[in-house]
Amino acid sequence: MLAAIFVFAVDAAMLAAVFDRAREEPVLFVVIGCALALGFGLPMTVGLAFSPSLRPIRDLAEGTERVAAGDYSQRLPVVQDDDLGALAGSFNRMQAGLAERQRLQAAFGTYVDPALAARLLEQGDDVFTGERRQVTVMFVDIRDFTPFAEANAAEDTVARLNALFEIVVPAVVDAGGHVNKFLGDGALAVFGAPNDLADHADAAVSAAVLIQRLVAERFGGALRIGIGINTGVVIAGTIGGGGKLEFTLIGDTVNVAARVEQLTKTTADAILLTGQCVDALDRRPPGLVDRGSHALKGKSALVQVFGFEPGSDFPHRCPAGTPTNP
């Protein structure tokens, strides 16, 4: 607006100079120019500001503010077949691309652990080429799930699994862990990868205790689980090919945790910890009891395991003679 007034002022001054070159009175020229600018330039500028021809520019300014606030829902009207119309069309395509990116990010956050997603976005996938990490691994598995699946519809089976994982996933994540994968009627979680966690053994045990308590409260005796926990060194990295990659854990530590989870069927414990896990704890939980050393499939040496005494603040053992899956 000021630029338009200035232009009108200059034009008016030049016009005044043409009419009165003999009288060299520049002050008069300026006065005449300002008068003409205020008399004609200001109303014209104000009129242009509210002119329909400038509506696309105002729409674009308002649309930019909406996009900056994260609102991609409204498209600009494309009513002109000129540069402004082309600009509005480009703006709409940009909004559509941003909305699609937002949907993909939401889906990515659903199917990929938030900690893993954040690290991938910050550092790139090459960071997972393979790292040797000291971690605590936890396997969770449902007892007697095969007979349940045989006796119920597929929809009920899936609903039962999802109800369990709605307990497992938040408990693991809130404790600083990472749910690595779902394995049929069970899950593998790790504490200490992909992100560092100083007290990973304590975090894993706390999460396991919480999971067991919430499962008992939610299902009573209708659903029972076994949890095996082991601490040791793994290789944490990506495996795969052909454009399909998966973050995973490789090493004997993972195998032992899986075998210890299976051992809960023999000892009738809801949770079993290996001696390596107990040694890594900063605080030894109350009620912890030695369940002895056991031979595990694929292991030449016996593995010492620990459970929790009945009556402690930690999970109770299953009643003696309770049937389990072979």
# chains A, B, ... in the order shown; residues from 1 in each chain; ligands from 1

call {"tool": "closest_atom_pairs", "arguments": {"of": "segment 269-296 of chain A", "to": "segment 228-247 of chain A", "cutoff": "9 Å", "atoms": "only C-alpha atoms", "output": "JSON lines"}}
result
{"residue": "A:Ala270", "atom": "CA", "partner": "A:Gly228", "partner_atom": "CA", "distance": 8.6}
{"residue": "A:Ile271", "atom": "CA", "partner": "A:Gly228", "partner_atom": "CA", "distance": 6.0}
{"residue": "A:Leu272", "atom": "CA", "partner": "A:Gly228", "partner_atom": "CA", "distance": 5.1}
{"residue": "A:Leu273", "atom": "CA", "partner": "A:Ile229", "partner_atom": "CA", "distance": 4.9}
{"residue": "A:Thr274", "atom": "CA", "partner": "A:Asn230", "partner_atom": "CA", "distance": 5.3}
{"residue": "A:Gly275", "atom": "CA", "partner": "A:Asn230", "partner_atom": "CA", "distance": 8.0}
{"residue": "A:Gln276", "atom": "CA", "partner": "A:Thr231", "partner_atom": "CA", "distance": 5.5}
{"residue": "A:Cys277", "atom": "CA", "partner": "A:Thr231", "partner_atom": "CA", "distance": 4.7}
{"residue": "A:Val278", "atom": "CA", "partner": "A:Thr231", "partner_atom": "CA", "distance": 8.4}
{"residue": "A:Asp279", "atom": "CA", "partner": "A:Thr231", "partner_atom": "CA", "distance": 8.8}
{"residue": "A:Ala280", "atom": "CA", "partner": "A:Thr231", "partner_atom": "CA", "distance": 7.3}

call {"tool": "residues_around", "arguments": {"residues": "segment 78-88 of chain A", "least_positions_apart": "3", "cutoff": "12 Å", "atoms": "only C-alpha atoms", "output": "PDB file with N, CA and C atoms, in the first residue's frame"}}
result
ATOM      1  N   PRO A  52     -11.651  -8.539  -5.785  1.00  0.00           N
ATOM      2  CA  PRO A  52     -11.757  -9.987  -6.010  1.00  0.00           C
ATOM      3  C   PRO A  52     -10.546 -10.572  -6.703  1.00  0.00           C
ATOM      4  N   SER A  53      -9.831  -9.753  -7.455  1.00  0.00           N
ATOM      5  CA  SER A  53      -8.658 -10.268  -8.172  1.00  0.00           C
ATOM      6  C   SER A  53      -7.536 -10.676  -7.233  1.00  0.00           C
ATOM      7  N   LEU A  54      -7.547 -10.134  -6.002  1.00  0.00           N
ATOM      8  CA  LEU A  54      -6.512 -10.487  -5.025  1.00  0.00           C
ATOM      9  C   LEU A  54      -6.963 -11.607  -4.091  1.00  0.00           C
ATOM     10  N   ARG A  55      -8.165 -12.106  -4.291  1.00  0.00           N
ATOM     11  CA  ARG A  55      -8.664 -13.162  -3.406  1.00  0.00           C
ATOM     12  C   ARG A  55      -7.777 -14.406  -3.428  1.00  0.00           C
ATOM     13  N   PRO A  56      -7.261 -14.857  -4.574  1.00  0.00           N
ATOM     14  CA  PRO A  56      -6.376 -16.030  -4.569  1.00  0.00           C
ATOM     15  C   PRO A  56      -5.134 -15.847  -3.702  1.00  0.00           C
ATOM     16  N   ILE A  57      -4.620 -14.621  -3.653  1.00  0.00           N
ATOM     17  CA  ILE A  57      -3.440 -14.372  -2.816  1.00  0.00           C
ATOM     18  C   ILE A  57      -3.800 -14.471  -1.350  1.00  0.00           C
ATOM     19  N   ARG A  58      -4.971 -13.903  -0.988  1.00  0.00           N
ATOM     20  CA  ARG A  58      -5.401 -14.022   0.406  1.00  0.00           C
ATOM     21  C   ARG A  58      -5.679 -15.480   0.777  1.00  0.00           C
ATOM     22  N   ASP A  59      -6.268 -16.250  -0.170  1.00  0.00           N
ATOM     23  CA  ASP A  59      -6.510 -17.673   0.086  1.00  0.00           C
ATOM     24  C   ASP A  59      -5.194 -18.410   0.322  1.00  0.00           C
ATOM     25  N   LEU A  60      -4.191 -18.066  -0.489  1.00  0.00           N
ATOM     26  CA  LEU A  60      -2.895 -18.722  -0.347  1.00  0.00           C
ATOM     27  C   LEU A  60      -2.262 -18.393   0.995  1.00  0.00           C
ATOM     28  N   ALA A  61      -2.366 -17.140   1.431  1.00  0.00           N
ATOM     29  CA  ALA A  61      -1.806 -16.748   2.728  1.00  0.00           C
ATOM     30  C   ALA A  61      -2.503 -17.492   3.864  1.00  0.00           C
ATOM     31  N   GLU A  62      -3.839 -17.594   3.785  1.00  0.00           N
ATOM     32  CA  GLU A  62      -4.589 -18.309   4.829  1.00  0.00           C
ATOM     33  C   GLU A  62      -4.255 -19.805   4.803  1.00  0.00           C
ATOM     34  N   GLY A  63      -4.122 -20.372   3.585  1.00  0.00           N
ATOM     35  CA  GLY A  63      -3.765 -21.788   3.479  1.00  0.00           C
ATOM     36  C   GLY A  63      -2.393 -22.074   4.054  1.00  0.00           C
ATOM     37  N   THR A  64      -1.453 -21.168   3.846  1.00  0.00           N
ATOM     38  CA  THR A  64      -0.109 -21.343   4.406  1.00  0.00           C
ATOM     39  C   THR A  64      -0.148 -21.383   5.921  1.00  0.00           C
ATOM     40  N   GLN A  74      -8.005 -28.644   4.011  1.00  0.00           N
ATOM     41  CA  GLN A  74      -8.710 -27.733   3.117  1.00  0.00           C
ATOM     42  C   GLN A  74      -7.876 -27.434   1.877  1.00  0.00           C
ATOM     43  N   ARG A  75      -8.502 -27.514   0.718  1.00  0.00           N
ATOM     44  CA  ARG A  75      -7.829 -27.223  -0.541  1.00  0.00           C
ATOM     45  C   ARG A  75      -8.183 -25.808  -1.015  1.00  0.00           C
ATOM     46  N   PHE A  91       0.015 -25.679  -4.670  1.00  0.00           N
ATOM     47  CA  PHE A  91      -0.152 -25.673  -3.218  1.00  0.00           C
ATOM     48  C   PHE A  91      -1.030 -26.834  -2.773  1.00  0.00           C
ATOM     49  N   ASN A  92      -2.088 -27.119  -3.523  1.00  0.00           N
ATOM     50  CA  ASN A  92      -2.966 -28.238  -3.181  1.00  0.00           C
ATOM     51  C   ASN A  92      -2.236 -29.571  -3.281  1.00  0.00           C
ATOM     52  N   ARG A  93      -1.400 -29.720  -4.310  1.00  0.00           N
ATOM     53  CA  ARG A  93      -0.625 -30.957  -4.439  1.00  0.00           C
ATOM     54  C   ARG A  93       0.373 -31.104  -3.294  1.00  0.00           C
ATOM     55  N   MET A  94       0.954 -30.000  -2.862  1.00  0.00           N
ATOM     56  CA  MET A  94       1.862 -30.046  -1.724  1.00  0.00           C
ATOM     57  C   MET A  94       1.124 -30.489  -0.457  1.00  0.00           C
ATOM     58  N   GLN A  95      -0.087 -29.940  -0.241  1.00  0.00           N
ATOM     59  CA  GLN A  95      -0.881 -30.338   0.921  1.00  0.00           C
ATOM     60  C   GLN A  95      -1.202 -31.828   0.887  1.00  0.00           C
TER      61      GLN A  95
END

call {"tool": "atom_distance", "arguments": {"atom1": "atom CA of Lys299 of chain A", "atom2": "atom CA of Val179 of chain A"}}
result
25.6 Å

call {"tool": "atom_distance", "arguments": {"atom1": "atom CA of Glu309 of chain A", "atom2": "atom CA of Gly287 of chain A"}}
result
5.1 Å

call {"tool": "atom_distance", "arguments": {"atom1": "atom CA of Arg259 of chain A", "atom2": "atom CA of Ala208 of chain A"}}
result
16.5 Å

call {"tool": "closest_atom_pairs", "arguments": {"of": "segment 203-311 of chain A", "to": "segment 139-146 of chain A", "cutoff": "8 Å", "atoms": "only C-alpha atoms", "output": "Markdown table"}}
result
| residue | atom | partner | partner_atom | distance |
| --- | --- | --- | --- | --- |
| A:Leu223 | CA | A:Arg143 | CA | 7.2 |
| A:Arg224 | CA | A:Arg143 | CA | 5.4 |
| A:Ile225 | CA | A:Ile142 | CA | 4.4 |
| A:Gly226 | CA | A:Asp141 | CA | 5.4 |
| A:Ile227 | CA | A:Val140 | CA | 4.6 |
| A:Gly228 | CA | A:Phe139 | CA | 5.3 |
| A:Ile229 | CA | A:Phe139 | CA | 6.6 |
| A:Ala257 | CA | A:Phe139 | CA | 6.4 |
| A:Ala258 | CA | A:Phe139 | CA | 5.9 |
| A:Glu261 | CA | A:Phe139 | CA | 6.2 |

call {"tool": "closest_residue", "arguments": {"among": "A:Ala268, A:Ala149, A:Ala171, A:Val256", "to": "Ala301 of chain A", "atoms": "only C-alpha atoms"}}
result
A:Val256
